[in-house]
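Data file: my_file.txt. Format and content: compact mmCIF, C-alpha atoms.
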```txt
# COMPACT_ATOMS: atom_id res chain seq x y z
CA MET A 205 -209.94 75.61 39.45
CA ALA A 206 -209.17 73.11 42.17
CA VAL A 207 -208.14 69.52 42.58
CA THR A 208 -208.27 67.59 45.84
CA VAL A 209 -205.11 65.92 47.16
CA ARG A 210 -205.51 63.24 49.80
CA LEU A 211 -202.50 62.12 51.83
CA PRO A 212 -201.76 59.18 54.14
CA GLY A 213 -201.40 59.78 57.87
CA ALA A 214 -197.68 59.16 57.38
CA LEU A 215 -197.39 62.52 55.58
CA ARG A 216 -199.42 64.49 58.11
CA ASP A 217 -196.26 65.90 59.68
CA ALA A 218 -195.26 67.38 56.32
CA THR A 219 -198.48 69.35 55.87
CA GLY A 220 -199.18 70.77 59.28
CA GLY A 221 -201.52 67.93 60.21
CA GLN A 222 -203.66 68.08 57.07
CA THR A 223 -204.45 64.96 55.05
CA LYS A 224 -206.76 66.67 52.54
CA LEU A 225 -205.60 69.68 50.56
CA GLU A 226 -206.73 71.66 47.56
CA ALA A 227 -204.49 72.83 44.75
CA ARG A 228 -204.88 74.30 41.26
CA ALA A 229 -205.26 71.95 38.30
CA GLY A 230 -202.24 71.53 36.00
CA THR A 231 -199.56 68.90 35.82
CA LEU A 232 -198.75 66.70 38.80
CA ALA A 233 -195.50 68.65 39.13
CA ASP A 234 -197.54 71.88 39.38
CA VAL A 235 -199.75 70.40 42.10
CA ILE A 236 -196.76 69.19 44.11
CA SER A 237 -195.00 72.55 43.69
CA GLU A 238 -198.04 74.40 44.98
CA ILE A 239 -198.17 72.20 48.08
CA GLU A 240 -194.41 72.65 48.50
CA ARG A 241 -194.86 76.44 48.53
CA ARG A 242 -197.37 76.13 51.36
CA HIS A 243 -195.57 73.29 53.15
CA PRO A 244 -191.80 73.43 52.49
CA GLY A 245 -190.27 69.96 52.60
CA PHE A 246 -193.30 68.19 51.15
CA ARG A 247 -191.76 67.68 47.71
CA SER A 248 -188.76 65.74 48.99
CA ARG A 249 -191.03 63.33 50.81
CA VAL A 250 -192.74 62.23 47.59
CA LEU A 251 -190.16 62.96 44.87
CA ASP A 252 -186.52 61.86 44.74
CA ASP A 253 -183.48 64.02 43.95
CA SER A 254 -184.08 63.61 40.20
CA GLY A 255 -187.65 64.87 40.55
CA ALA A 256 -189.22 61.45 39.91
CA ILE A 257 -191.90 59.93 42.12
CA ARG A 258 -190.12 58.03 44.87
CA THR A 259 -189.98 54.26 44.31
CA TYR A 260 -191.98 53.62 47.45
CA VAL A 261 -194.68 56.21 46.78
CA ASN A 262 -197.67 55.74 44.50
CA ILE A 263 -199.72 58.68 43.27
CA TYR A 264 -203.12 58.11 41.74
CA ILE A 265 -204.99 60.68 39.67
CA GLY A 266 -208.50 59.39 39.92
CA ASP A 267 -208.06 55.66 39.31
CA ASP A 268 -204.94 56.10 37.18
CA ASP A 269 -201.44 55.46 38.45
CA ALA A 270 -199.53 58.68 37.69
CA ARG A 271 -196.46 56.67 36.58
CA ALA A 272 -198.48 55.24 33.71
CA LYS A 273 -199.57 58.76 32.70
CA GLY A 274 -196.16 60.40 32.48
CA GLY A 275 -195.15 60.65 36.13
CA THR A 276 -194.91 64.24 37.32
CA ARG A 277 -195.77 65.40 33.77
CA ALA A 278 -199.19 63.74 34.09
CA THR A 279 -202.13 66.08 33.67
CA VAL A 280 -204.30 66.64 36.72
CA PRO A 281 -207.62 67.91 35.32
CA ASP A 282 -209.88 70.25 37.19
CA GLY A 283 -211.97 68.44 39.79
CA SER A 284 -209.55 65.49 40.02
CA ASP A 285 -208.98 63.50 43.16
CA VAL A 286 -205.25 62.90 43.70
CA MET A 287 -204.22 60.24 46.21
CA VAL A 288 -200.70 59.73 47.57
CA ILE A 289 -200.04 56.37 49.23
CA PRO A 290 -197.04 54.26 50.21
CA ALA A 291 -196.29 51.94 47.26
CA MET A 292 -196.24 49.03 49.66
CA ALA A 293 -199.01 48.75 52.14
CA GLY A 294 -196.60 48.66 55.02
CA GLY A 295 -196.51 52.47 55.00
CA THR A 296 -198.00 52.85 58.40
CA ALA A 297 -198.18 49.11 58.94
CA MET B 47 -203.36 21.61 75.54
CA THR B 48 -200.16 23.65 75.47
CA LEU B 49 -199.08 24.53 71.96
CA THR B 50 -195.69 22.96 71.28
CA ALA B 51 -193.70 22.26 68.15
CA ALA B 52 -194.61 18.57 68.51
CA VAL B 53 -198.35 19.34 68.63
CA VAL B 54 -198.12 21.55 65.53
CA ARG B 55 -195.97 19.02 63.69
CA GLU B 56 -198.38 16.19 64.39
CA ARG B 57 -201.38 18.17 63.09
CA VAL B 58 -199.73 18.92 59.74
CA ARG B 59 -197.99 15.62 59.13
CA ARG B 60 -197.90 14.59 55.46
CA THR B 61 -199.14 17.93 54.16
CA ILE B 62 -197.31 20.85 52.54
CA LEU B 63 -197.50 22.60 55.92
CA GLU B 64 -194.94 20.12 57.22
CA ARG B 65 -192.38 22.00 55.12
CA ILE B 66 -192.80 25.25 57.07
CA GLY B 67 -189.60 26.12 58.90
CA ASP B 68 -186.11 24.61 58.74
CA THR B 69 -185.19 27.35 56.29
CA PRO B 70 -181.59 27.77 55.05
CA LEU B 71 -178.96 29.88 56.79
CA VAL B 72 -176.36 31.18 54.34
CA PRO B 73 -173.30 33.40 54.71
CA LEU B 74 -173.30 36.78 52.92
CA ARG B 75 -169.76 36.65 51.61
CA ARG B 76 -169.73 39.71 49.35
CA VAL B 77 -172.10 42.04 51.19
CA GLY B 78 -170.33 41.09 54.41
CA ALA B 79 -166.78 41.42 53.06
CA GLY B 80 -164.45 43.58 55.13
CA LEU B 81 -166.78 43.89 58.09
CA ARG B 82 -165.75 43.05 61.66
CA GLY B 83 -168.66 40.65 62.10
CA GLU B 84 -169.75 37.74 59.87
CA LEU B 85 -173.16 38.12 58.24
CA TRP B 86 -175.45 35.11 57.89
CA ALA B 87 -178.93 35.30 56.36
CA LYS B 88 -181.93 33.18 57.37
CA ILE B 89 -183.85 32.77 54.11
CA GLU B 90 -187.55 32.73 54.98
CA SER B 91 -188.71 32.86 51.37
CA ALA B 92 -187.92 29.12 51.40
CA ASN B 93 -191.15 28.50 53.31
CA PRO B 94 -193.94 27.02 51.13
CA GLY B 95 -196.01 30.21 51.28
CA GLY B 96 -192.93 32.26 50.42
CA SER B 97 -192.38 34.18 53.64
CA VAL B 98 -191.60 34.10 57.35
CA LYS B 99 -195.34 34.58 57.98
CA ASP B 100 -195.96 30.90 57.29
CA ARG B 101 -194.72 30.24 60.81
CA PRO B 102 -197.16 32.46 62.76
CA GLY B 103 -199.90 31.76 60.21
CA LEU B 104 -199.67 28.04 60.93
CA TRP B 105 -199.31 28.41 64.67
CA MET B 106 -202.21 30.87 65.03
CA VAL B 107 -204.59 28.56 63.14
CA ILE B 108 -203.50 25.44 65.04
CA ALA B 109 -203.84 27.39 68.31
CA ALA B 110 -207.40 28.33 67.38
CA GLU B 111 -208.14 24.68 66.55
CA VAL B 112 -206.64 23.44 69.82
CA GLU B 113 -208.64 26.04 71.76
CA GLY B 114 -211.84 24.82 70.06
CA ARG B 115 -212.53 28.19 68.43
CA LEU B 116 -212.75 26.91 64.85
CA ARG B 117 -216.18 25.30 64.88
CA GLU B 118 -218.29 24.43 61.82
CA GLY B 119 -218.90 27.56 59.72
CA ALA B 120 -216.16 29.61 61.36
CA VAL B 121 -214.18 32.05 59.24
CA VAL B 122 -210.56 32.79 60.09
CA LEU B 123 -210.12 36.57 59.99
CA ASP B 124 -207.08 38.83 60.11
CA ALA B 125 -205.75 42.17 58.95
CA THR B 126 -202.61 41.97 56.86
CA SER B 127 -200.55 43.88 54.35
CA GLY B 128 -199.95 40.65 52.47
CA ASN B 129 -197.66 37.90 53.64
CA THR B 130 -199.71 36.86 56.65
CA GLY B 131 -202.73 36.81 54.37
CA VAL B 132 -200.97 34.43 52.00
CA ALA B 133 -199.85 32.24 54.91
CA LEU B 134 -203.30 32.11 56.51
CA ALA B 135 -204.98 31.45 53.16
CA MET B 136 -202.59 28.55 52.48
CA VAL B 137 -202.92 27.08 55.97
CA CYS B 138 -206.71 27.37 55.90
CA ALA B 139 -206.85 25.70 52.47
CA VAL B 140 -205.00 22.70 53.88
CA ARG B 141 -206.88 22.61 57.20
CA GLY B 142 -210.31 23.04 55.59
CA HIS B 143 -211.21 26.44 57.08
CA ARG B 144 -212.67 29.48 55.39
CA ALA B 145 -210.50 32.60 55.57
CA ARG B 146 -211.23 36.30 55.17
CA LEU B 147 -208.30 38.70 54.96
CA VAL B 148 -208.58 42.45 55.34
CA MET B 149 -205.96 44.39 53.39
CA PRO B 150 -205.45 47.96 52.25
CA ASP B 151 -206.52 48.42 48.65
CA LYS B 152 -203.71 48.90 46.12
CA VAL B 153 -201.31 46.44 47.78
CA SER B 154 -199.31 44.56 45.19
CA LEU B 155 -201.40 42.62 42.72
CA GLU B 156 -199.40 39.45 43.27
CA ARG B 157 -200.49 39.09 46.86
CA LYS B 158 -204.16 39.62 46.13
CA ARG B 159 -204.03 36.98 43.42
CA VAL B 160 -202.12 34.47 45.53
CA ILE B 161 -204.57 34.87 48.41
CA ARG B 162 -207.54 34.38 46.09
CA ALA B 163 -205.81 31.38 44.48
CA PHE B 164 -205.85 29.69 47.89
CA GLY B 165 -209.61 30.26 48.04
CA ALA B 166 -209.64 32.98 50.71
CA GLU B 167 -211.85 36.09 50.58
CA LEU B 168 -210.40 39.59 50.51
CA ALA B 169 -211.87 42.69 52.09
CA LEU B 170 -210.12 45.85 50.91
CA THR B 171 -209.82 49.02 52.96
CA ASP B 172 -208.85 52.63 52.26
CA PRO B 173 -205.21 52.60 51.07
CA LEU B 174 -204.66 55.98 52.73
CA GLU B 175 -205.13 54.32 56.11
CA GLY B 176 -202.54 51.58 55.44
CA THR B 177 -202.54 48.44 57.54
CA ASP B 178 -203.83 50.34 60.55
CA GLY B 179 -207.06 50.90 58.60
CA ALA B 180 -207.22 47.18 57.86
CA ILE B 181 -206.78 46.44 61.56
CA ARG B 182 -209.67 48.74 62.46
CA GLU B 183 -211.89 47.06 59.86
CA ALA B 184 -210.96 43.57 61.06
CA ARG B 185 -211.86 44.61 64.62
CA ARG B 186 -215.21 45.90 63.36
CA LEU B 187 -215.94 42.69 61.43
CA ALA B 188 -214.96 40.54 64.42
CA ALA B 189 -217.28 42.53 66.69
CA THR B 190 -220.27 42.48 64.33
CA ASP B 191 -220.16 38.94 62.92
CA ARG B 192 -219.51 36.16 65.42
CA THR B 193 -218.70 33.58 62.74
CA HIS B 194 -215.31 35.30 62.49
CA VAL B 195 -212.41 33.93 64.47
CA TYR B 196 -210.11 36.94 64.58
CA VAL B 197 -206.62 35.50 64.96
CA ASP B 198 -205.11 39.01 65.26
CA GLN B 199 -201.43 38.57 64.49
CA TYR B 200 -200.65 41.80 66.37
CA SER B 201 -201.93 40.44 69.67
CA ASN B 202 -201.81 36.65 69.34
CA PRO B 203 -199.21 34.98 71.60
CA ALA B 204 -199.02 32.08 69.11
CA ASN B 205 -197.22 34.50 66.77
CA PRO B 206 -194.07 35.01 68.89
CA ARG B 207 -194.41 31.47 70.23
CA ALA B 208 -193.91 30.11 66.69
CA HIS B 209 -190.59 31.94 66.53
CA GLU B 210 -189.57 31.05 70.07
CA LEU B 211 -190.05 27.34 69.38
CA THR B 212 -188.97 27.13 65.73
CA THR B 213 -186.98 30.10 64.31
CA GLY B 214 -184.85 30.65 67.41
CA PRO B 215 -183.87 27.00 67.98
CA GLU B 216 -183.17 26.56 64.25
CA ILE B 217 -180.71 29.46 64.30
CA TRP B 218 -179.04 28.12 67.43
CA ASN B 219 -178.63 24.65 65.89
CA GLN B 220 -177.57 25.91 62.44
CA THR B 221 -174.77 27.96 64.00
CA ASP B 222 -173.77 25.25 66.49
CA GLY B 223 -174.54 27.77 69.21
CA ARG B 224 -172.10 30.35 67.82
CA VAL B 225 -174.65 33.01 66.90
CA THR B 226 -173.82 36.26 68.70
CA HIS B 227 -176.42 38.68 67.26
CA PHE B 228 -179.89 38.37 65.76
CA VAL B 229 -181.18 41.21 63.57
CA ALA B 230 -184.77 41.53 62.31
CA GLY B 231 -187.35 44.15 61.47
CA VAL B 232 -190.35 45.00 63.60
CA GLY B 233 -193.81 44.65 62.07
CA THR B 234 -196.13 42.69 64.30
CA SER B 235 -192.91 42.18 66.31
CA GLY B 236 -193.59 38.42 66.53
CA THR B 237 -190.21 37.48 65.07
CA ILE B 238 -188.08 39.65 67.32
CA VAL B 239 -190.11 38.93 70.47
CA GLY B 240 -190.12 35.16 69.88
CA VAL B 241 -186.50 34.79 68.79
CA SER B 242 -185.46 36.98 71.71
CA ALA B 243 -187.23 34.62 74.12
CA ALA B 244 -185.32 31.70 72.62
CA LEU B 245 -181.85 33.17 72.15
CA ARG B 246 -181.35 36.09 74.52
CA PRO B 247 -181.09 33.81 77.58
CA ARG B 248 -178.25 32.10 75.69
CA GLY B 249 -176.35 35.37 75.40
CA VAL B 250 -177.40 36.40 71.89
CA ARG B 251 -177.66 40.17 71.36
CA ILE B 252 -181.05 41.11 69.84
CA VAL B 253 -181.24 44.00 67.36
CA ALA B 254 -184.68 45.34 66.39
CA VAL B 255 -184.98 47.51 63.28
CA GLN B 256 -187.66 49.99 62.20
CA PRO B 257 -188.13 52.33 59.23
CA ASP B 258 -186.68 55.81 59.80
CA ASP B 259 -189.85 57.59 58.62
CA ALA B 260 -193.60 57.14 58.88
CA LEU B 261 -193.75 57.24 55.06
CA HIS B 262 -191.62 54.30 54.00
CA GLY B 263 -191.53 51.43 51.56
CA ILE B 264 -190.41 48.60 53.81
CA GLU B 265 -193.26 46.17 53.46
CA GLY B 266 -194.55 44.72 56.70
CA TRP B 267 -192.47 46.91 59.00
CA LYS B 268 -193.92 49.42 61.44
CA HIS B 269 -192.76 52.90 62.30
CA MET B 270 -193.83 52.41 65.90
CA ALA B 271 -193.92 56.08 66.84
CA THR B 272 -196.76 56.73 64.39
CA ALA B 273 -198.49 53.34 64.04
CA LEU B 274 -200.97 51.30 66.05
CA ARG B 275 -198.83 49.52 68.60
CA PRO B 276 -199.02 45.68 68.52
CA ALA B 277 -200.03 44.27 71.89
CA ILE B 278 -197.25 41.66 71.69
CA TRP B 279 -194.52 44.33 71.21
CA ASP B 280 -192.18 45.03 74.07
CA GLU B 281 -189.12 47.20 73.38
CA ARG B 282 -187.27 45.54 76.25
CA VAL B 283 -186.83 42.29 74.29
CA ALA B 284 -184.12 43.99 72.21
CA ASP B 285 -180.63 45.06 73.24
CA GLU B 286 -180.39 47.56 70.38
CA HIS B 287 -182.89 49.52 68.31
CA ARG B 288 -181.87 50.79 64.89
CA VAL B 289 -183.57 52.54 61.99
CA VAL B 290 -183.12 52.15 58.24
CA ALA B 291 -184.04 54.55 55.42
CA THR B 292 -186.06 53.08 52.56
CA ASP B 293 -183.50 54.25 49.99
CA ASP B 294 -180.76 52.33 51.84
CA ALA B 295 -183.04 49.30 52.08
CA ILE B 296 -183.69 49.38 48.34
CA ALA B 297 -179.98 49.75 47.57
CA MET B 298 -179.16 46.73 49.74
CA THR B 299 -182.04 44.71 48.22
CA LYS B 300 -180.46 45.26 44.80
CA ARG B 301 -177.00 44.31 46.11
CA LEU B 302 -178.38 41.08 47.57
CA ALA B 303 -179.70 40.09 44.14
CA ARG B 304 -176.60 41.07 42.18
CA GLU B 305 -173.87 40.08 44.62
CA GLU B 306 -175.37 37.20 46.60
CA GLY B 307 -178.00 35.77 44.24
CA LEU B 308 -180.68 36.47 46.83
CA PHE B 309 -183.87 37.91 45.34
CA SER B 310 -185.35 39.50 48.45
CA GLY B 311 -188.21 41.80 49.32
CA VAL B 312 -187.25 45.30 50.49
CA SER B 313 -187.63 44.33 54.13
CA GLY B 314 -184.82 41.79 53.63
CA GLY B 315 -182.61 44.52 52.22
CA ALA B 316 -183.52 46.74 55.16
CA ALA B 317 -182.65 44.06 57.69
CA VAL B 318 -179.33 43.29 55.99
CA ALA B 319 -178.47 47.01 55.81
CA ALA B 320 -178.98 47.20 59.57
CA ALA B 321 -177.06 43.98 60.15
CA ALA B 322 -174.16 45.31 58.05
CA ALA B 323 -174.11 48.43 60.24
CA VAL B 324 -173.90 46.19 63.30
CA ALA B 325 -171.14 44.12 61.67
CA ARG B 326 -169.12 47.25 60.89
CA GLU B 327 -169.04 48.04 64.59
CA GLN B 328 -169.04 44.68 66.32
CA PRO B 329 -167.37 41.29 65.78
CA GLY B 330 -169.35 38.05 65.97
CA ARG B 331 -171.65 35.82 63.97
CA ILE B 332 -174.59 38.02 63.06
CA VAL B 333 -177.75 36.32 61.85
CA VAL B 334 -180.23 38.47 59.92
CA LEU B 335 -183.70 37.40 58.88
CA ILE B 336 -184.80 37.89 55.26
CA ALA B 337 -188.58 37.74 55.48
CA ASP B 338 -189.63 37.11 51.88
CA GLY B 339 -188.59 37.03 48.23
CA GLY B 340 -188.66 39.67 45.54
CA GLU B 341 -191.12 37.84 43.29
CA ARG B 342 -194.01 39.16 45.34
CA TYR B 343 -193.13 42.74 44.39
CA LEU B 344 -192.55 42.44 40.66
CA SER B 345 -195.51 44.68 39.85
CA THR B 346 -194.22 47.47 42.12
CA PRO B 347 -191.84 50.17 40.80
CA LEU B 348 -188.84 48.67 42.62
CA TRP B 349 -187.69 46.36 39.82
CA GLU B 350 -188.70 48.49 36.83
```
Can you turn what I pasted into structure tokens?
Amino acid sequence: MAVTVRLPGALRDATGGQTKLEARAGTLADVISEIERRHPGFRSRVLDDSGAIRTYVNIYIGDDDARAKGGTRATVPDGSDVMVIPAMAGGTA
Amino acid sequence: MTLTAAVVRERVRRTILERIGDTPLVPLRRVGAGLRGELWAKIESANPGGSVKDRPGLWMVIAAEVEGRLREGAVVLDATSGNTGVALAMVCAVRGHRARLVMPDKVSLERKRVIRAFGAELALTDPLEGTDGAIREARRLAATDRTHVYVDQYSNPANPRAHELTTGPEIWNQTDGRVTHFVAGVGTSGTIVGVSAALRPRGVRIVAVQPDDALHGIEGWKHMATALRPAIWDERVADEHRVVATDDAIAMTKRLAREEGLFSGVSGGAAVAAAAAVAREQPGRIVVLIADGGERYLSTPLWE
């Protein structure tokens, strides 16, 4: 089943112009891996070399900050809305 | 009435706003060690509102007063990612104006709380749209409710004017005229445009710095190629344009705290990283602007 992933305009170039994608439910790492398969290079924009969420990126699963739910191990339940935003509002500021 | 430093000073005499400006200039002895140029940092967190934005915040409100735009019942309005909101909220508290600030939701908690502490109202916009979304909402509010006085930091000439008549002359005087380079980030571009107007005619080389990617963590800076362009921005005010990666900015922000005792926001680390790159290549007295302090970002992942 699907989850919806919404991205800031600043990531549009990494996903062929899309800012709203669907992926299969699982862990956050699974969701990011699925997008990476479709859009190579996406993962490195949001995760660092150690596989952690980049310091300047926030990922919300519903209203929950993914960092507080285990980072990339966080569960993304079916039907979830995942939102990726710059951690500081200056992202496209 | 032309807005001058004397006019602004007179209006804020014997208030906390009198303490805006005249910020310290300190040498970066460790971070700058071994470089061809000397690094000096202008510490804008020393302003009463905690950032460089106190300067344009004050000047934009006084300009609106002088122009007769702030009548009874008026609400000062602007879009901001934080520091300008804090500055405007503080200035409006002192001057007796209402303020409404439009910010992207999920900006750091500290800034929302500080703005509310000063009695200003917050309107939150879609975080996915960043500050550009806040700008669009502020434009909509200004067009639909005429009680708003939209100061618009991205277009307001009082923004660079504040820097032309305060920041620039301060740097000149603090260096006894020996400053050779000025390095700062570009957000609204008010700092670089204003300081350029003051110092470039005196032979100072102006270096403007941007993030290297549209997705970045350098608060307040704009990646101009992908962002709404500020009306006051003009690339020609700078002699050099450089970019900084967020990871390098974060690394330098941490060095500033540990090696220089300067607890800076990431934009300060970004500016110093760019200034250090200049100093590696060029001799001279290089002044870099540190826009705010790290306290405002304690709830973000940076200092975990």
### Task
Find the residues around Asp338 of chain B up to 8 Å (all atoms listed in the file counted), leave out those fewer than 2 positions away in its own chain, and share them as a PyMOL selection string.
chain B and resi 89-91+96-98+310-311+313-314+336+340
Residues near Gly223 of chain B, anyone? I mean within 10 Å using all atoms listed in the file, not counting same-chain ones fewer than 3 positions away, as a PDB file with C-alpha atoms, keeping the file's coordinate frame.
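Once everything was written out, this is part11.pdb:
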```
ATOM      1  CA  PRO B 215    -183.870  27.000  67.980  1.00  0.00           C
ATOM      2  CA  ILE B 217    -180.710  29.460  64.300  1.00  0.00           C
ATOM      3  CA  TRP B 218    -179.040  28.120  67.430  1.00  0.00           C
ATOM      4  CA  ASN B 219    -178.630  24.650  65.890  1.00  0.00           C
ATOM      5  CA  GLN B 220    -177.570  25.910  62.440  1.00  0.00           C
ATOM      6  CA  THR B 226    -173.820  36.260  68.700  1.00  0.00           C
ATOM      7  CA  LEU B 245    -181.850  33.170  72.150  1.00  0.00           C
ATOM      8  CA  ARG B 248    -178.250  32.100  75.690  1.00  0.00           C
ATOM      9  CA  GLY B 249    -176.350  35.370  75.400  1.00  0.00           C
ATOM     10  CA  VAL B 250    -177.400  36.400  71.890  1.00  0.00           C
TER      11      VAL B 250
END
```
### Summary
atom CA of Lys224 of chain A sits from atom CA of Val286 of chain A at a separation of 9.7 Å
### Task
Compile the residues of chain A that lie within 10 Å of chain B, evaluated using all atoms listed in the file, and express the compilation as number ranges by chain.
A: 210-217, 223, 249-250, 252, 257-262, 271, 287-297
Okay, now the selection with C-alpha atoms, as a short mmCIF file (atom, residue, chain, number, x, y, z; two decimals), in the coordinates of the input?
```cif
data_model
loop_
_atom_site.label_atom_id
_atom_site.label_comp_id
_atom_site.auth_asym_id
_atom_site.auth_seq_id
_atom_site.Cartn_x
_atom_site.Cartn_y
_atom_site.Cartn_z
CA ARG A 210 -205.51 63.24 49.80
CA LEU A 211 -202.50 62.12 51.83
CA PRO A 212 -201.76 59.18 54.14
CA GLY A 213 -201.40 59.78 57.87
CA ALA A 214 -197.68 59.16 57.38
CA LEU A 215 -197.39 62.52 55.58
CA ARG A 216 -199.42 64.49 58.11
CA ASP A 217 -196.26 65.90 59.68
CA THR A 223 -204.45 64.96 55.05
CA ARG A 249 -191.03 63.33 50.81
CA VAL A 250 -192.74 62.23 47.59
CA ASP A 252 -186.52 61.86 44.74
CA ILE A 257 -191.90 59.93 42.12
CA ARG A 258 -190.12 58.03 44.87
CA THR A 259 -189.98 54.26 44.31
CA TYR A 260 -191.98 53.62 47.45
CA VAL A 261 -194.68 56.21 46.78
CA ASN A 262 -197.67 55.74 44.50
CA ARG A 271 -196.46 56.67 36.58
CA MET A 287 -204.22 60.24 46.21
CA VAL A 288 -200.70 59.73 47.57
CA ILE A 289 -200.04 56.37 49.23
CA PRO A 290 -197.04 54.26 50.21
CA ALA A 291 -196.29 51.94 47.26
CA MET A 292 -196.24 49.03 49.66
CA ALA A 293 -199.01 48.75 52.14
CA GLY A 294 -196.60 48.66 55.02
CA GLY A 295 -196.51 52.47 55.00
CA THR A 296 -198.00 52.85 58.40
CA ALA A 297 -198.18 49.11 58.94
#
```
Polymer residues at most 12 Å from segment 183-193 of chain B, all atoms listed in the file, same-chain spacing of 6 or more positions, as a compact mmCIF listing (two decimals) with C-alpha atoms, in the coordinates of the input:
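Okay, this is what ended up in result_9.txt:
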```
# COMPACT_ATOMS: atom_id res chain seq x y z
CA ARG B 115 -212.53 28.19 68.43
CA LEU B 116 -212.75 26.91 64.85
CA ARG B 117 -216.18 25.30 64.88
CA GLU B 118 -218.29 24.43 61.82
CA GLY B 119 -218.90 27.56 59.72
CA ALA B 120 -216.16 29.61 61.36
CA VAL B 121 -214.18 32.05 59.24
CA VAL B 122 -210.56 32.79 60.09
CA LEU B 123 -210.12 36.57 59.99
CA ASP B 124 -207.08 38.83 60.11
CA ALA B 125 -205.75 42.17 58.95
CA THR B 126 -202.61 41.97 56.86
CA HIS B 143 -211.21 26.44 57.08
CA ARG B 144 -212.67 29.48 55.39
CA ALA B 145 -210.50 32.60 55.57
CA ARG B 146 -211.23 36.30 55.17
CA LEU B 147 -208.30 38.70 54.96
CA VAL B 148 -208.58 42.45 55.34
CA MET B 149 -205.96 44.39 53.39
CA PRO B 150 -205.45 47.96 52.25
CA LEU B 168 -210.40 39.59 50.51
CA ALA B 169 -211.87 42.69 52.09
CA LEU B 170 -210.12 45.85 50.91
CA THR B 171 -209.82 49.02 52.96
CA ASP B 172 -208.85 52.63 52.26
CA GLU B 175 -205.13 54.32 56.11
CA GLY B 176 -202.54 51.58 55.44
CA THR B 177 -202.54 48.44 57.54
CA GLN B 199 -201.43 38.57 64.49
CA TYR B 200 -200.65 41.80 66.37
CA SER B 201 -201.93 40.44 69.67
```
### Task
Can you pull out every residue within 9 Å of Thr219 of chain A, counting all atoms listed in the file, but drop anything in the same chain fewer than 5 positions away, and send it as a ChimeraX atom specification?
/A:225,239,242-246
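Compared by their closest atoms to Leu155 of chain B, and using only C-alpha atoms, the residues B:Ile62, B:Val289, B:Ala133, B:Leu344 rank with B:Leu344 nearest.
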### Atomic separation - atom CA of Ser254 of chain A relative to atom CA of Asp285 of chain A, Å
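Between these atoms lies a distance of 25.1 Å.
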Would you pick out the contacts of Ile252 of chain B at 8 Å or less, using only C-alpha atoms, so that residues sharing its chain but fewer than 6 positions from it are not included, and give the list as a PDB file with C-alpha atoms, in the frame of the given file?
```
ATOM      1  CA  HIS B 227    -176.420  38.680  67.260  1.00  0.00           C
ATOM      2  CA  PHE B 228    -179.890  38.370  65.760  1.00  0.00           C
ATOM      3  CA  VAL B 229    -181.180  41.210  63.570  1.00  0.00           C
ATOM      4  CA  ILE B 238    -188.080  39.650  67.320  1.00  0.00           C
ATOM      5  CA  SER B 242    -185.460  36.980  71.710  1.00  0.00           C
ATOM      6  CA  ARG B 246    -181.350  36.090  74.520  1.00  0.00           C
ATOM      7  CA  VAL B 283    -186.830  42.290  74.290  1.00  0.00           C
ATOM      8  CA  ALA B 284    -184.120  43.990  72.210  1.00  0.00           C
ATOM      9  CA  ASP B 285    -180.630  45.060  73.240  1.00  0.00           C
ATOM     10  CA  GLU B 286    -180.390  47.560  70.380  1.00  0.00           C
TER      11      GLU B 286
END
```
### Query
Closest to Val209 of chain A among A:Leu251, A:Val280, A:Ala233, A:Ala227, using only C-alpha atoms?
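Ranked by minimum distance to Val209 of chain A, first place goes to A:Ala227.
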## Note on the structure
Among A:Ala218, A:Thr231, A:Asp253, A:Ile236, Gly274 of chain A is approached most closely, using all atoms listed in the file, by A:Thr231
### Summary
re atom CA of Gly330 of chain B and atom CA of Asn205 of chain B: distance 28.1 Å
### Query
Quick one: of A:Thr279, A:Arg241, A:Arg228, A:Gly221, who's nearest to Gly266 of chain A, counting all atoms listed in the file?
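Result for the nearest residue to Gly266 of chain A: A:Thr279.
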